[in-house]
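Undergrad: Can you read through this structure? Questions will come right after.
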Amino acid sequence: MSDLKAHADLLRELHHGKLLVLPNAWDEASAELVVETGFPVVATSSAAVADVLGHPDGEQAPWREMFAAAARIARAVPVPVTVDAEAGYGLEPDRLVAELLEAGAAGCNLEDTDHRAGGLVDAAAHADFLARVRAAADAAGVPLVVNARIDTFLPPSGFCGPDRTAEAIRRGRLYRQAGADCVYPIGVSSADGLKRLVDGISGPVNGNSGAELDLGTLASLGVARVSYGPRFYRAGLPAMRTALEELRGQEGPGARASRG
C-alpha cells in the first residue's frame, strides 16, 4: 500500500506543471512500451481492453475481467497506472475502490454516462458518487487520483449547441467540489471550446489531441493532461491488415494452391 500511495501522490503531482501525456495501453506489452519510450504514467483504455477481451465498450465486458486485465498491466510496469473504470460498473464506491486498489491502480477515470438507462447520470447524483469514491479511497489510505469524465459532447448525451459547454462547465465544477482531481470533457475538438472549459471549470482538465489540438496548443490552453483512448490500439489493426495483404501478395498463386 505504501508503494501504491507513492504512485498516487506522484500521479496527482504530475497534473500540475508540464502537460501530462498519457498514451493509453491495453495489455502488458503495450504498457511496457509506453514506459520504455519514457512516459511516466500508464493509462488504460476501456474500449481497447474490452475489445481485446472480446466485448464492446460501454460496460459490456464483465468487470472482473476488466480489473484482471488492469492488474496484469499494473504488475508489468514500475510506474503509476490509472485505470479507465468506465462508470464504475454499478459497484458501490467502497467496493469499487477496493477493486481498483487490488488491481494496483493509482488513479481512475469515472464517466457520467448511464450505460443502463441511457443518457447522462444526474449531475448531483454523480457528484455524490464521486464524493463517496474519494471518501473510500481516503479511508483506505491511498488517495486515488480521480479523473471525472464529462460526456455532454458525446451524441448519446442529448445535449447540443452551446448547452453542451455550459452543462460541461456546471458538471465539471460539481465534480471538482466533490473531490475529483481532474475533469475530462471528452469529445471537444476545437481550441476555443476547450479554452472555455479550462477557464470555466478552473481546475485540472484532461483533453484529447486532434487537428486543432496538438500538444503545444493543449499546453498553451492550460490543459493538465492529454489521453488518446483506443487510438493506438486501433491504429495497429490497419497496419497489420496492410502487412498481411502484402504477405499474401508475395506468396503467389502457386504457393496458395500448394497449401490446399
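Every chain in the C-alpha cells has a letter given in the order shown (A, B, ...), and although residue numbers restart at 1 in each chain, ligands are simply numbered from 1 in the order shown.
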Mind checking DSSP for range 115-193 of chain A and telling me the strand (DSSP E) residues as a list in words?
TA: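 Here is the list: Val145, Val146, Asn147, Ala148, Arg149, Ile150, Cys182, Val183, Tyr184 and Pro185 of chain A.
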Undergrad: Just want the 10 Å neighbourhood of Arg64 in chain A, counted on only C-alpha atoms, with same-chain residues fewer than 4 positions away dropped. Output as number ranges by chain.
TA: A: 68-70, 89, 99
Undergrad: Show which residues sit within 12 Å of Asp128 in chain A, as a list in words. Count only C-alpha atoms, and ignore same-chain residues fewer than 6 positions away.
TA: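 Answer for this query is Glu92, Pro93, Asp112, Val121, Asp122, Arg134, Ala135, Arg171, Leu174, Tyr175, Arg176, Gln177, Ala178, Gly179 and Ala180 of chain A.
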Undergrad: Convert the current residue selection to file output with all heavy atoms, as a short mmCIF file (atom, residue, chain, number, x, y, z; two decimals), in the first residue's frame.
TA:
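Below you can see result25.cif, which holds the result:
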data_model
loop_
_atom_site.label_atom_id
_atom_site.label_comp_id
_atom_site.auth_asym_id
_atom_site.auth_seq_id
_atom_site.Cartn_x
_atom_site.Cartn_y
_atom_site.Cartn_z
N GLU A 92 -20.68 -0.33 -5.65
CA GLU A 92 -20.71 0.69 -4.62
C GLU A 92 -19.30 1.27 -4.46
O GLU A 92 -18.30 0.58 -4.71
CB GLU A 92 -21.18 0.10 -3.29
CG GLU A 92 -22.67 -0.17 -3.25
CD GLU A 92 -23.49 1.10 -3.40
OE1 GLU A 92 -23.19 2.09 -2.71
OE2 GLU A 92 -24.42 1.09 -4.22
N PRO A 93 -19.20 2.55 -4.07
CA PRO A 93 -17.88 3.20 -4.03
C PRO A 93 -16.82 2.45 -3.24
O PRO A 93 -15.66 2.35 -3.69
CB PRO A 93 -18.19 4.56 -3.42
CG PRO A 93 -19.57 4.86 -3.87
CD PRO A 93 -20.27 3.53 -3.82
N ASP A 112 -19.71 9.92 -16.64
CA ASP A 112 -21.08 10.18 -16.18
C ASP A 112 -22.17 9.73 -17.17
O ASP A 112 -23.31 10.15 -17.08
CB ASP A 112 -21.27 11.65 -15.80
CG ASP A 112 -20.96 12.63 -16.92
OD1 ASP A 112 -20.75 12.19 -18.07
OD2 ASP A 112 -20.92 13.85 -16.63
N VAL A 121 -26.00 10.42 -16.28
CA VAL A 121 -26.43 10.37 -14.89
C VAL A 121 -26.69 11.80 -14.41
O VAL A 121 -26.02 12.76 -14.85
CB VAL A 121 -25.33 9.72 -14.01
CG1 VAL A 121 -25.73 9.72 -12.54
CG2 VAL A 121 -25.05 8.30 -14.49
N ASP A 122 -27.68 11.99 -13.56
CA ASP A 122 -27.92 13.30 -12.96
C ASP A 122 -26.62 13.82 -12.36
O ASP A 122 -25.90 13.09 -11.67
CB ASP A 122 -28.99 13.19 -11.89
CG ASP A 122 -29.20 14.49 -11.14
OD1 ASP A 122 -29.84 15.39 -11.69
OD2 ASP A 122 -28.67 14.59 -10.00
N ARG A 134 -14.10 9.26 -3.33
CA ARG A 134 -12.99 9.97 -2.68
C ARG A 134 -12.90 9.58 -1.20
O ARG A 134 -11.80 9.30 -0.69
CB ARG A 134 -13.22 11.49 -2.82
CG ARG A 134 -12.38 12.39 -1.95
CD ARG A 134 -10.89 12.22 -2.16
NE ARG A 134 -10.53 12.44 -3.53
CZ ARG A 134 -9.63 11.72 -4.21
NH1 ARG A 134 -9.02 10.71 -3.63
NH2 ARG A 134 -9.36 11.99 -5.47
N ALA A 135 -14.01 9.52 -0.51
CA ALA A 135 -14.01 9.17 0.91
C ALA A 135 -13.50 7.74 1.12
O ALA A 135 -12.73 7.47 2.05
CB ALA A 135 -15.41 9.34 1.50
N ARG A 171 -21.11 20.67 -14.65
CA ARG A 171 -20.74 19.36 -14.14
C ARG A 171 -19.29 19.35 -13.66
O ARG A 171 -18.98 18.77 -12.61
CB ARG A 171 -20.95 18.30 -15.22
CG ARG A 171 -22.42 17.97 -15.45
CD ARG A 171 -22.64 16.98 -16.60
NE ARG A 171 -24.05 16.64 -16.69
CZ ARG A 171 -24.61 15.53 -16.24
NH1 ARG A 171 -23.83 14.59 -15.68
NH2 ARG A 171 -25.90 15.31 -16.34
N LEU A 174 -19.06 20.87 -10.24
CA LEU A 174 -19.64 19.97 -9.23
C LEU A 174 -18.69 18.81 -8.92
O LEU A 174 -18.49 18.44 -7.76
CB LEU A 174 -20.97 19.41 -9.72
CG LEU A 174 -22.20 20.31 -9.60
CD1 LEU A 174 -23.39 19.65 -10.30
CD2 LEU A 174 -22.53 20.57 -8.14
N TYR A 175 -18.10 18.25 -9.97
CA TYR A 175 -17.24 17.08 -9.78
C TYR A 175 -15.96 17.47 -9.05
O TYR A 175 -15.46 16.70 -8.22
CB TYR A 175 -16.92 16.43 -11.12
CG TYR A 175 -18.14 15.94 -11.89
CD1 TYR A 175 -18.05 15.58 -13.23
CD2 TYR A 175 -19.39 15.83 -11.28
CE1 TYR A 175 -19.15 15.13 -13.94
CE2 TYR A 175 -20.50 15.39 -11.98
CZ TYR A 175 -20.38 15.05 -13.32
OH TYR A 175 -21.48 14.61 -14.01
N ARG A 176 -15.44 18.63 -9.35
CA ARG A 176 -14.25 19.10 -8.63
C ARG A 176 -14.57 19.34 -7.15
O ARG A 176 -13.80 18.96 -6.27
CB ARG A 176 -13.71 20.38 -9.27
CG ARG A 176 -13.02 20.18 -10.60
CD ARG A 176 -11.58 19.69 -10.41
NE ARG A 176 -10.76 20.73 -9.82
CZ ARG A 176 -9.82 20.53 -8.91
NH1 ARG A 176 -9.59 19.31 -8.44
NH2 ARG A 176 -9.09 21.54 -8.45
N GLN A 177 -15.72 19.94 -6.89
CA GLN A 177 -16.12 20.17 -5.50
C GLN A 177 -16.31 18.86 -4.75
O GLN A 177 -16.11 18.79 -3.53
CB GLN A 177 -17.41 21.00 -5.45
CG GLN A 177 -17.23 22.44 -5.90
CD GLN A 177 -18.56 23.14 -6.16
OE1 GLN A 177 -19.64 22.61 -5.89
NE2 GLN A 177 -18.49 24.35 -6.70
N ALA A 178 -16.69 17.82 -5.48
CA ALA A 178 -16.93 16.52 -4.86
C ALA A 178 -15.63 15.77 -4.57
O ALA A 178 -15.66 14.73 -3.92
CB ALA A 178 -17.81 15.67 -5.77
N GLY A 179 -14.51 16.28 -5.09
CA GLY A 179 -13.24 15.64 -4.81
C GLY A 179 -12.51 15.08 -6.00
O GLY A 179 -11.44 14.47 -5.84
N ALA A 180 -13.04 15.26 -7.23
CA ALA A 180 -12.31 14.82 -8.42
C ALA A 180 -11.05 15.66 -8.58
O ALA A 180 -11.07 16.88 -8.38
CB ALA A 180 -13.18 14.94 -9.66
#
Undergrad: Please report the interatomic distance between CA of Val35 in chain A and CA of Leu10 in chain A in Å with one decimal.
TA: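 Separation of CA of Val35 in chain A and CA of Leu10 in chain A: 15.2 Å.
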Undergrad: Would you list, as a PyMOL selection string, the residues of range 72-238 of chain A that end up in alpha helix (DSSP H) under DSSP run on this structure's backbone?
TA: chain A and resi 72-76+93-103+123-140+162-177+191-201+215-220+231-238
Undergrad: What would the file look like if the residues just selected were written as an mmCIF file, in the first residue's frame with C-alpha atoms?
TA:
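Output contents, as saved in again.cif:
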data_model
loop_
_atom_site.group_PDB
_atom_site.id
_atom_site.type_symbol
_atom_site.label_atom_id
_atom_site.label_comp_id
_atom_site.auth_asym_id
_atom_site.auth_seq_id
_atom_site.Cartn_x
_atom_site.Cartn_y
_atom_site.Cartn_z
ATOM 1 C CA ARG A 72 -1.784 -7.573 -15.225
ATOM 2 C CA ILE A 73 -0.814 -4.177 -16.625
ATOM 3 C CA ALA A 74 -0.020 -2.747 -13.188
ATOM 4 C CA ARG A 75 2.170 -5.745 -12.340
ATOM 5 C CA ALA A 76 4.091 -5.354 -15.605
ATOM 6 C CA PRO A 93 -17.878 3.201 -4.030
ATOM 7 C CA ASP A 94 -16.152 1.203 -1.285
ATOM 8 C CA ARG A 95 -16.201 -1.972 -3.414
ATOM 9 C CA LEU A 96 -15.034 -0.049 -6.494
ATOM 10 C CA VAL A 97 -12.108 1.473 -4.606
ATOM 11 C CA ALA A 98 -11.180 -1.908 -3.117
ATOM 12 C CA GLU A 99 -11.128 -3.484 -6.591
ATOM 13 C CA LEU A 100 -9.045 -0.634 -8.029
ATOM 14 C CA LEU A 101 -6.502 -0.889 -5.230
ATOM 15 C CA GLU A 102 -6.383 -4.676 -5.507
ATOM 16 C CA ALA A 103 -5.594 -4.212 -9.211
ATOM 17 C CA ALA A 123 -25.005 15.650 -12.218
ATOM 18 C CA ALA A 124 -25.700 15.947 -8.489
ATOM 19 C CA ALA A 125 -26.055 12.178 -8.152
ATOM 20 C CA HIS A 126 -22.775 11.621 -9.961
ATOM 21 C CA ALA A 127 -21.046 14.235 -7.811
ATOM 22 C CA ASP A 128 -22.283 12.357 -4.734
ATOM 23 C CA PHE A 129 -20.913 9.117 -6.182
ATOM 24 C CA LEU A 130 -17.523 10.764 -6.777
ATOM 25 C CA ALA A 131 -17.504 12.166 -3.236
ATOM 26 C CA ARG A 132 -18.089 8.664 -1.858
ATOM 27 C CA VAL A 133 -15.292 7.276 -4.045
ATOM 28 C CA ARG A 134 -12.995 9.972 -2.677
ATOM 29 C CA ALA A 135 -14.005 9.172 0.906
ATOM 30 C CA ALA A 136 -13.477 5.431 0.374
ATOM 31 C CA ALA A 137 -10.026 5.987 -1.128
ATOM 32 C CA ASP A 138 -9.020 8.289 1.714
ATOM 33 C CA ALA A 139 -10.252 5.751 4.254
ATOM 34 C CA ALA A 140 -8.162 3.067 2.535
ATOM 35 C CA PRO A 162 -23.825 25.901 -26.571
ATOM 36 C CA ASP A 163 -25.816 23.990 -23.941
ATOM 37 C CA ARG A 164 -23.146 21.293 -24.058
ATOM 38 C CA THR A 165 -20.403 23.678 -22.950
ATOM 39 C CA ALA A 166 -22.498 25.277 -20.205
ATOM 40 C CA GLU A 167 -23.529 21.873 -18.887
ATOM 41 C CA ALA A 168 -19.944 20.589 -19.047
ATOM 42 C CA ILE A 169 -18.752 23.561 -17.003
ATOM 43 C CA ARG A 170 -21.548 23.042 -14.469
ATOM 44 C CA ARG A 171 -20.740 19.360 -14.143
ATOM 45 C CA GLY A 172 -17.003 19.999 -14.014
ATOM 46 C CA ARG A 173 -17.376 22.392 -11.093
ATOM 47 C CA LEU A 174 -19.635 19.969 -9.229
ATOM 48 C CA TYR A 175 -17.241 17.083 -9.779
ATOM 49 C CA ARG A 176 -14.247 19.097 -8.630
ATOM 50 C CA GLN A 177 -16.119 20.175 -5.498
ATOM 51 C CA ALA A 191 -9.189 25.102 -29.228
ATOM 52 C CA ASP A 192 -11.769 27.806 -28.463
ATOM 53 C CA GLY A 193 -14.195 25.305 -26.967
ATOM 54 C CA LEU A 194 -11.541 23.688 -24.824
ATOM 55 C CA LYS A 195 -10.280 27.068 -23.632
ATOM 56 C CA ARG A 196 -13.790 28.000 -22.441
ATOM 57 C CA LEU A 197 -13.920 24.792 -20.452
ATOM 58 C CA VAL A 198 -10.472 25.229 -18.904
ATOM 59 C CA ASP A 199 -11.342 28.786 -17.846
ATOM 60 C CA GLY A 200 -14.882 27.943 -16.730
ATOM 61 C CA ILE A 201 -14.045 24.895 -14.637
ATOM 62 C CA LEU A 215 0.451 19.041 -27.725
ATOM 63 C CA GLY A 216 1.763 22.601 -27.963
ATOM 64 C CA THR A 217 -1.745 24.006 -28.330
ATOM 65 C CA LEU A 218 -3.082 21.913 -25.459
ATOM 66 C CA ALA A 219 -0.281 23.120 -23.195
ATOM 67 C CA SER A 220 -0.885 26.745 -24.172
ATOM 68 C CA ARG A 231 -6.303 5.344 -30.818
ATOM 69 C CA PHE A 232 -3.014 3.432 -30.783
ATOM 70 C CA TYR A 233 -4.736 0.081 -30.406
ATOM 71 C CA ARG A 234 -6.989 0.773 -33.382
ATOM 72 C CA ALA A 235 -4.115 2.099 -35.476
ATOM 73 C CA GLY A 236 -2.345 -1.240 -35.141
ATOM 74 C CA LEU A 237 -5.094 -3.229 -36.852
ATOM 75 C CA PRO A 238 -4.919 -1.417 -40.256
#
